[in-house]
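These notes concern the structure reproduced below.
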Amino acid sequence: SALVFDCIYDLELFFDEMKLVYTCSLPDGEKHGKQTTNFTHRDVTDVIGAHMKESNVLLNNTDVRQIHIFKHKFEYFPRGITNYFENIEAIHAGMNALAFLEKDDMKIFTKLRFLYLYNNVLQSLKSDVLEDNLDLQYVSFYGNQLAHIGSNLLTPLKSLKTAYFNKNVCIDLQAVHNLREIAEIKLEISQSCSDITDEDLMQVLKQNNEKLINLEMKISQLSEQLSDFMSSNRTEL
């Protein structure tokens, strides 16, 4: 039941940048057996695999900048990856049956620049999922089942250049190095994907509760003023 990353280490292309970075790739799940995660089983317990040499220097975990995970059954995103790879800048995790993605999954990747989660089965994303990943330049949720997306999902990502939201339920747009198209995606999310979710409902209830408290305070103040006024009139009479 242990979740062990058996890494094949190599130098791989770093997204659309013309350079190679040290990468941990898990063996293809369809060819070598699928690993699984669920709500109680999603912590990485070990990382194995033989590191490679570069210029006669043996590389190690701190040199890993990128991770590839394809065709496994990770219903929940694996946690604890940065206990082994603290410098991850890119995550490729396509076709893994990923159904849930939470802020606690992503907040540990403080250096993340590229997040590639295409062809999973995500149905919703809360606004806060990526709020700690401020260096993100590229996100891909292509080919999921997104029907609900928090309206502020992309708001914190000031460096975002490319975003793929094609082939989802509530949105079918992409932006490739185009800030105008990024703005169009944000607008589409707010208009078509942000109908009342649990997150939105809780925010509305909180705001209404605050308004109710303020109203009760005003009523109490007016009641005291009216009482003082009545007392003053009685005294005059």
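Please note that chains go A, B, ... in the order of the structure tokens, that every chain numbers its residues from 1, and that ligands are numbered from 1 in the order shown.
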Extract the full set of helix (DSSP H, G or I) residues from region 12-208 of chain A according to DSSP on the backbone, and format it as number ranges by chain.
A: 29-32, 61-63, 81-83, 103-106, 179-193, 198-208
Which residues of region 17-100 of chain A have any atom within 12 Å of an atom in region 125-146 of chain A when counting only C-alpha atoms, and what is the closest pair of atoms for each, with the distance in Å to one decimal? Order the rows by chain and rising number and write it as CSV.
```
residue,atom,partner,partner_atom,distance
A:Glu17,CA,A:Tyr138,CA,11.7
A:Ile88,CA,A:Asn133,CA,11.6
A:Glu89,CA,A:Leu136,CA,8.8
A:Ala90,CA,A:Leu136,CA,9.3
A:Ile91,CA,A:Val139,CA,9.8
A:His92,CA,A:Ser140,CA,9.5
A:Ala93,CA,A:Ser140,CA,10.0
A:Gly94,CA,A:Phe141,CA,9.3
A:Met95,CA,A:Gly143,CA,9.5
A:Asn96,CA,A:Asn144,CA,10.9
A:Ala97,CA,A:Asn144,CA,9.5
A:Leu98,CA,A:Asn144,CA,9.1
A:Ala99,CA,A:Asn144,CA,9.1
A:Phe100,CA,A:Leu125,CA,8.2
```
If you run DSSP on this backbone, which residues of region 27-205 of chain A come out as strand (DSSP E or B), and could you give them as a short mmCIF file (atom, residue, chain, number, x, y, z; two decimals) with all heavy atoms, in the first residue's frame?
```cif
data_model
loop_
_atom_site.label_atom_id
_atom_site.label_comp_id
_atom_site.auth_asym_id
_atom_site.auth_seq_id
_atom_site.Cartn_x
_atom_site.Cartn_y
_atom_site.Cartn_z
N THR A 36 -2.06 3.94 -7.28
CA THR A 36 -3.33 4.57 -6.95
C THR A 36 -3.20 5.47 -5.73
O THR A 36 -2.29 5.30 -4.91
CB THR A 36 -4.42 3.52 -6.67
OG1 THR A 36 -4.04 2.76 -5.51
CG2 THR A 36 -4.60 2.58 -7.86
N THR A 37 -4.10 6.44 -5.65
CA THR A 37 -4.24 7.25 -4.43
C THR A 37 -5.72 7.36 -4.11
O THR A 37 -6.58 7.25 -4.99
CB THR A 37 -3.67 8.67 -4.60
OG1 THR A 37 -4.39 9.35 -5.63
CG2 THR A 37 -2.18 8.64 -4.93
N ASP A 43 0.09 9.90 0.50
CA ASP A 43 1.37 10.43 0.93
C ASP A 43 2.51 9.61 0.34
O ASP A 43 2.56 8.38 0.50
CB ASP A 43 1.48 10.43 2.46
CG ASP A 43 0.50 11.37 3.11
OD1 ASP A 43 0.25 12.45 2.53
OD2 ASP A 43 -0.04 11.04 4.19
N VAL A 44 3.43 10.28 -0.32
CA VAL A 44 4.60 9.61 -0.87
C VAL A 44 5.49 9.16 0.29
O VAL A 44 5.91 9.97 1.11
CB VAL A 44 5.38 10.54 -1.81
CG1 VAL A 44 6.63 9.84 -2.36
CG2 VAL A 44 4.50 11.01 -2.96
N THR A 45 5.76 7.86 0.36
CA THR A 45 6.52 7.30 1.49
C THR A 45 7.99 7.09 1.16
O THR A 45 8.80 6.92 2.07
CB THR A 45 5.90 5.95 1.91
OG1 THR A 45 5.85 5.08 0.78
CG2 THR A 45 4.49 6.16 2.45
N ASP A 46 8.34 7.08 -0.13
CA ASP A 46 9.74 6.88 -0.49
C ASP A 46 9.93 7.23 -1.96
O ASP A 46 8.98 7.19 -2.75
CB ASP A 46 10.17 5.43 -0.23
CG ASP A 46 11.69 5.28 -0.18
OD1 ASP A 46 12.39 6.31 -0.19
OD2 ASP A 46 12.16 4.13 -0.13
N VAL A 47 11.16 7.57 -2.30
CA VAL A 47 11.55 7.80 -3.68
C VAL A 47 12.79 6.97 -3.96
O VAL A 47 13.77 7.03 -3.21
CB VAL A 47 11.84 9.29 -3.95
CG1 VAL A 47 12.52 9.47 -5.29
CG2 VAL A 47 10.56 10.10 -3.90
N ILE A 48 12.72 6.16 -5.02
CA ILE A 48 13.85 5.30 -5.37
C ILE A 48 14.23 5.53 -6.82
O ILE A 48 13.54 6.22 -7.55
CB ILE A 48 13.52 3.81 -5.12
CG1 ILE A 48 12.33 3.37 -5.98
CG2 ILE A 48 13.24 3.56 -3.65
CD1 ILE A 48 12.01 1.89 -5.87
N LYS A 53 24.70 10.77 -13.83
CA LYS A 53 25.83 11.68 -13.74
C LYS A 53 25.75 12.70 -14.87
O LYS A 53 25.28 12.42 -15.97
CB LYS A 53 27.15 10.92 -13.85
CG LYS A 53 27.53 10.13 -12.61
CD LYS A 53 28.91 9.51 -12.76
CE LYS A 53 29.32 8.77 -11.49
NZ LYS A 53 30.69 8.17 -11.64
N GLU A 54 26.22 13.90 -14.56
CA GLU A 54 26.36 14.94 -15.57
C GLU A 54 27.73 15.58 -15.39
O GLU A 54 28.04 16.10 -14.32
CB GLU A 54 25.26 15.99 -15.45
CG GLU A 54 25.32 17.03 -16.57
CD GLU A 54 24.26 18.11 -16.43
OE1 GLU A 54 23.74 18.30 -15.31
OE2 GLU A 54 23.95 18.76 -17.44
N VAL A 57 29.62 14.32 -12.49
CA VAL A 57 29.11 14.66 -11.17
C VAL A 57 27.78 13.93 -10.97
O VAL A 57 26.89 14.01 -11.82
CB VAL A 57 28.89 16.18 -11.01
CG1 VAL A 57 28.25 16.50 -9.65
CG2 VAL A 57 30.21 16.92 -11.16
N LEU A 58 27.67 13.19 -9.87
CA LEU A 58 26.44 12.46 -9.59
C LEU A 58 25.37 13.43 -9.10
O LEU A 58 25.54 14.10 -8.08
CB LEU A 58 26.69 11.39 -8.53
CG LEU A 58 25.48 10.47 -8.22
CD1 LEU A 58 25.12 9.64 -9.45
CD2 LEU A 58 25.80 9.56 -7.03
N GLN A 66 11.79 18.87 -12.33
CA GLN A 66 10.58 18.53 -13.08
C GLN A 66 10.18 17.09 -12.76
O GLN A 66 11.03 16.24 -12.53
CB GLN A 66 10.90 18.66 -14.58
CG GLN A 66 9.76 18.44 -15.53
CD GLN A 66 10.14 18.89 -16.93
OE1 GLN A 66 9.44 19.69 -17.52
NE2 GLN A 66 11.25 18.39 -17.48
N ILE A 67 8.85 16.86 -12.74
CA ILE A 67 8.36 15.52 -12.47
C ILE A 67 7.29 15.15 -13.50
O ILE A 67 6.44 15.98 -13.85
CB ILE A 67 7.82 15.40 -11.02
CG1 ILE A 67 7.50 13.94 -10.69
CG2 ILE A 67 6.64 16.31 -10.78
CD1 ILE A 67 7.36 13.70 -9.21
N HIS A 68 7.37 13.91 -14.01
CA HIS A 68 6.41 13.39 -14.99
C HIS A 68 5.65 12.22 -14.38
O HIS A 68 6.27 11.25 -13.91
CB HIS A 68 7.13 12.89 -16.24
CG HIS A 68 7.73 13.96 -17.08
ND1 HIS A 68 8.46 13.70 -18.22
CD2 HIS A 68 7.70 15.32 -16.98
CE1 HIS A 68 8.86 14.83 -18.76
NE2 HIS A 68 8.42 15.83 -18.02
N LYS A 73 -3.55 6.00 -11.49
CA LYS A 73 -4.91 6.21 -10.98
C LYS A 73 -4.83 7.04 -9.70
O LYS A 73 -5.19 6.60 -8.62
CB LYS A 73 -5.59 4.86 -10.72
CG LYS A 73 -5.84 4.05 -12.00
CD LYS A 73 -6.63 2.79 -11.73
CE LYS A 73 -8.06 3.11 -11.32
NZ LYS A 73 -8.90 1.89 -11.16
N PHE A 74 -4.34 8.26 -9.87
CA PHE A 74 -4.19 9.17 -8.74
C PHE A 74 -5.46 10.01 -8.60
O PHE A 74 -5.54 11.13 -9.10
CB PHE A 74 -2.97 10.07 -8.93
CG PHE A 74 -1.66 9.35 -8.76
CD1 PHE A 74 -0.48 9.93 -9.20
CD2 PHE A 74 -1.60 8.11 -8.16
CE1 PHE A 74 0.74 9.28 -9.03
CE2 PHE A 74 -0.39 7.45 -7.98
CZ PHE A 74 0.79 8.04 -8.42
N TYR A 76 -6.55 11.38 -5.94
CA TYR A 76 -6.10 12.55 -5.17
C TYR A 76 -4.64 12.82 -5.52
O TYR A 76 -3.86 11.88 -5.72
CB TYR A 76 -6.24 12.30 -3.67
CG TYR A 76 -7.65 12.37 -3.16
CD1 TYR A 76 -8.51 11.29 -3.31
CD2 TYR A 76 -8.15 13.52 -2.54
CE1 TYR A 76 -9.82 11.34 -2.85
CE2 TYR A 76 -9.45 13.58 -2.08
CZ TYR A 76 -10.28 12.49 -2.23
OH TYR A 76 -11.57 12.55 -1.77
N ARG A 79 0.79 13.72 -2.04
CA ARG A 79 1.34 14.71 -1.12
C ARG A 79 2.70 14.26 -0.59
O ARG A 79 3.00 13.08 -0.54
CB ARG A 79 0.38 14.94 0.05
CG ARG A 79 -0.89 15.67 -0.37
CD ARG A 79 -1.77 16.03 0.81
NE ARG A 79 -2.93 16.79 0.38
CZ ARG A 79 -3.89 17.20 1.20
NH1 ARG A 79 -3.83 16.90 2.49
NH2 ARG A 79 -4.91 17.89 0.73
N ALA A 90 8.21 22.27 -12.38
CA ALA A 90 7.26 21.84 -13.39
C ALA A 90 6.68 20.48 -13.02
O ALA A 90 7.40 19.58 -12.59
CB ALA A 90 7.93 21.75 -14.76
N ILE A 91 5.36 20.36 -13.18
CA ILE A 91 4.66 19.09 -12.92
C ILE A 91 3.85 18.73 -14.17
O ILE A 91 2.99 19.50 -14.61
CB ILE A 91 3.71 19.21 -11.72
CG1 ILE A 91 4.49 19.48 -10.43
CG2 ILE A 91 2.88 17.93 -11.57
CD1 ILE A 91 3.61 19.79 -9.24
N HIS A 92 4.15 17.56 -14.75
CA HIS A 92 3.35 17.00 -15.83
C HIS A 92 2.59 15.81 -15.22
O HIS A 92 3.22 14.83 -14.82
CB HIS A 92 4.23 16.44 -16.95
CG HIS A 92 5.15 17.42 -17.59
ND1 HIS A 92 5.05 17.76 -18.91
CD2 HIS A 92 6.20 18.12 -17.10
CE1 HIS A 92 6.00 18.62 -19.22
NE2 HIS A 92 6.71 18.85 -18.13
N PHE A 100 -9.65 15.26 -7.65
CA PHE A 100 -9.65 16.29 -6.61
C PHE A 100 -8.30 17.01 -6.61
O PHE A 100 -7.25 16.39 -6.69
CB PHE A 100 -9.89 15.67 -5.22
CG PHE A 100 -11.18 14.90 -5.12
CD1 PHE A 100 -11.21 13.53 -5.30
CD2 PHE A 100 -12.38 15.57 -4.86
CE1 PHE A 100 -12.39 12.82 -5.22
CE2 PHE A 100 -13.57 14.87 -4.78
CZ PHE A 100 -13.58 13.49 -4.97
N PHE A 114 5.21 25.65 -14.00
CA PHE A 114 4.41 24.96 -15.02
C PHE A 114 3.58 23.85 -14.36
O PHE A 114 4.13 23.00 -13.65
CB PHE A 114 5.33 24.34 -16.07
CG PHE A 114 6.23 25.32 -16.76
CD1 PHE A 114 7.55 25.46 -16.37
CD2 PHE A 114 5.77 26.11 -17.80
CE1 PHE A 114 8.39 26.37 -16.99
CE2 PHE A 114 6.60 27.02 -18.43
CZ PHE A 114 7.92 27.15 -18.02
N LEU A 115 2.29 23.87 -14.59
CA LEU A 115 1.39 22.85 -14.05
C LEU A 115 0.55 22.30 -15.19
O LEU A 115 -0.27 23.01 -15.79
CB LEU A 115 0.49 23.45 -12.97
CG LEU A 115 -0.53 22.49 -12.33
CD1 LEU A 115 0.18 21.36 -11.60
CD2 LEU A 115 -1.45 23.24 -11.38
N TYR A 116 0.73 21.02 -15.47
CA TYR A 116 0.16 20.40 -16.66
C TYR A 116 -0.69 19.22 -16.21
O TYR A 116 -0.18 18.15 -15.92
CB TYR A 116 1.31 19.94 -17.54
CG TYR A 116 0.99 19.61 -18.97
CD1 TYR A 116 0.24 20.46 -19.77
CD2 TYR A 116 1.48 18.44 -19.55
CE1 TYR A 116 -0.03 20.15 -21.09
CE2 TYR A 116 1.22 18.12 -20.87
CZ TYR A 116 0.47 18.98 -21.64
OH TYR A 116 0.20 18.68 -22.95
N SER A 124 -14.36 20.33 -10.38
CA SER A 124 -14.42 21.65 -9.76
C SER A 124 -13.06 22.06 -9.22
O SER A 124 -12.22 21.22 -8.90
CB SER A 124 -15.46 21.67 -8.63
OG SER A 124 -15.04 20.84 -7.56
N LEU A 125 -12.85 23.37 -9.15
CA LEU A 125 -11.65 23.95 -8.58
C LEU A 125 -12.06 25.15 -7.74
O LEU A 125 -12.78 26.03 -8.22
CB LEU A 125 -10.68 24.42 -9.68
CG LEU A 125 -10.03 23.34 -10.55
CD1 LEU A 125 -9.32 23.99 -11.73
CD2 LEU A 125 -9.06 22.50 -9.74
N TYR A 138 2.33 28.89 -16.58
CA TYR A 138 1.65 28.01 -17.53
C TYR A 138 0.79 27.04 -16.74
O TYR A 138 1.29 26.35 -15.85
CB TYR A 138 2.72 27.24 -18.31
CG TYR A 138 2.25 26.24 -19.34
CD1 TYR A 138 2.55 26.40 -20.68
CD2 TYR A 138 1.52 25.11 -18.98
CE1 TYR A 138 2.15 25.46 -21.64
CE2 TYR A 138 1.10 24.18 -19.92
CZ TYR A 138 1.42 24.36 -21.24
OH TYR A 138 1.02 23.44 -22.17
N VAL A 139 -0.50 27.00 -17.04
CA VAL A 139 -1.38 26.00 -16.43
C VAL A 139 -2.19 25.33 -17.53
O VAL A 139 -2.60 25.97 -18.50
CB VAL A 139 -2.34 26.61 -15.38
CG1 VAL A 139 -1.57 27.21 -14.21
CG2 VAL A 139 -3.26 27.64 -16.00
N SER A 140 -2.39 24.04 -17.38
CA SER A 140 -3.22 23.31 -18.34
C SER A 140 -4.20 22.42 -17.61
O SER A 140 -3.81 21.51 -16.88
CB SER A 140 -2.37 22.46 -19.28
OG SER A 140 -3.21 21.71 -20.14
N HIS A 148 -17.48 23.73 -12.38
CA HIS A 148 -17.48 24.79 -11.38
C HIS A 148 -16.04 25.20 -11.10
O HIS A 148 -15.20 24.37 -10.76
CB HIS A 148 -18.13 24.33 -10.08
CG HIS A 148 -19.54 23.84 -10.26
ND1 HIS A 148 -20.59 24.69 -10.50
CD2 HIS A 148 -20.06 22.60 -10.24
CE1 HIS A 148 -21.70 23.99 -10.63
NE2 HIS A 148 -21.41 22.71 -10.48
N ILE A 149 -15.76 26.50 -11.24
CA ILE A 149 -14.43 27.04 -10.98
C ILE A 149 -14.60 28.32 -10.18
O ILE A 149 -15.38 29.20 -10.56
CB ILE A 149 -13.67 27.35 -12.29
CG1 ILE A 149 -13.57 26.10 -13.17
CG2 ILE A 149 -12.27 27.88 -11.98
CD1 ILE A 149 -12.96 26.36 -14.53
N THR A 162 0.27 31.52 -20.22
CA THR A 162 -0.43 30.53 -21.03
C THR A 162 -1.37 29.72 -20.16
O THR A 162 -0.99 29.30 -19.06
CB THR A 162 0.58 29.59 -21.72
OG1 THR A 162 1.38 30.35 -22.64
CG2 THR A 162 -0.12 28.47 -22.47
N ALA A 163 -2.59 29.51 -20.62
CA ALA A 163 -3.57 28.74 -19.86
C ALA A 163 -4.45 27.95 -20.82
O ALA A 163 -4.97 28.51 -21.80
CB ALA A 163 -4.43 29.66 -19.00
N TYR A 164 -4.60 26.66 -20.54
CA TYR A 164 -5.45 25.80 -21.36
C TYR A 164 -6.64 25.33 -20.52
O TYR A 164 -6.47 24.61 -19.54
CB TYR A 164 -4.67 24.58 -21.85
CG TYR A 164 -3.64 24.90 -22.91
CD1 TYR A 164 -2.32 25.17 -22.56
CD2 TYR A 164 -3.98 24.91 -24.26
CE1 TYR A 164 -1.37 25.46 -23.53
CE2 TYR A 164 -3.04 25.20 -25.24
CZ TYR A 164 -1.73 25.47 -24.86
OH TYR A 164 -0.80 25.77 -25.83
N GLN A 174 -8.52 28.73 -24.59
CA GLN A 174 -7.10 28.66 -24.28
C GLN A 174 -6.47 30.02 -24.54
O GLN A 174 -7.00 30.83 -25.30
CB GLN A 174 -6.40 27.60 -25.13
CG GLN A 174 -6.31 27.97 -26.61
CD GLN A 174 -5.56 26.92 -27.42
OE1 GLN A 174 -5.73 25.73 -27.20
NE2 GLN A 174 -4.74 27.37 -28.37
N ALA A 175 -5.34 30.25 -23.88
CA ALA A 175 -4.57 31.47 -24.09
C ALA A 175 -3.10 31.07 -24.18
O ALA A 175 -2.58 30.42 -23.28
CB ALA A 175 -4.78 32.46 -22.95
N VAL A 176 -2.45 31.44 -25.27
CA VAL A 176 -1.05 31.06 -25.48
C VAL A 176 -0.22 32.33 -25.63
O VAL A 176 -0.27 33.00 -26.66
CB VAL A 176 -0.89 30.16 -26.72
CG1 VAL A 176 0.57 29.73 -26.88
CG2 VAL A 176 -1.79 28.94 -26.62
#
```
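Close contacts of region 179-192 of chain A, defined as residues with an atom at most 9 Å away when counting only C-alpha atoms, with chain neighbours fewer than 5 positions off set aside, comprise A:Ala147, A:His148, A:Ile149, A:Gly150, A:Ser151, A:Asn152, A:Leu153, A:Leu154, A:Thr155, A:Leu160, A:Lys161, A:Thr162, A:Ala163, A:Phe165, A:Cys170, A:Ile171, A:Asp172, A:Leu173, A:Gln174.
In this comparison, which uses only C-alpha atoms, the residue of A:Leu26, A:Ile81, A:Val169, A:Ile108 approaching Leu122 (chain A) most closely is A:Val169.
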Can you work out which one of A:Ser25, A:Asn87, A:Asn119, A:Asn178 has the shortest atom-to-atom distance to Ala50 (chain A), counting only C-alpha atoms?
A:Ser25
Can you work out the spacing between CA of Asp105 (chain A) and CA of Gln35 (chain A) in Å, to one decimal?
17.8 Å
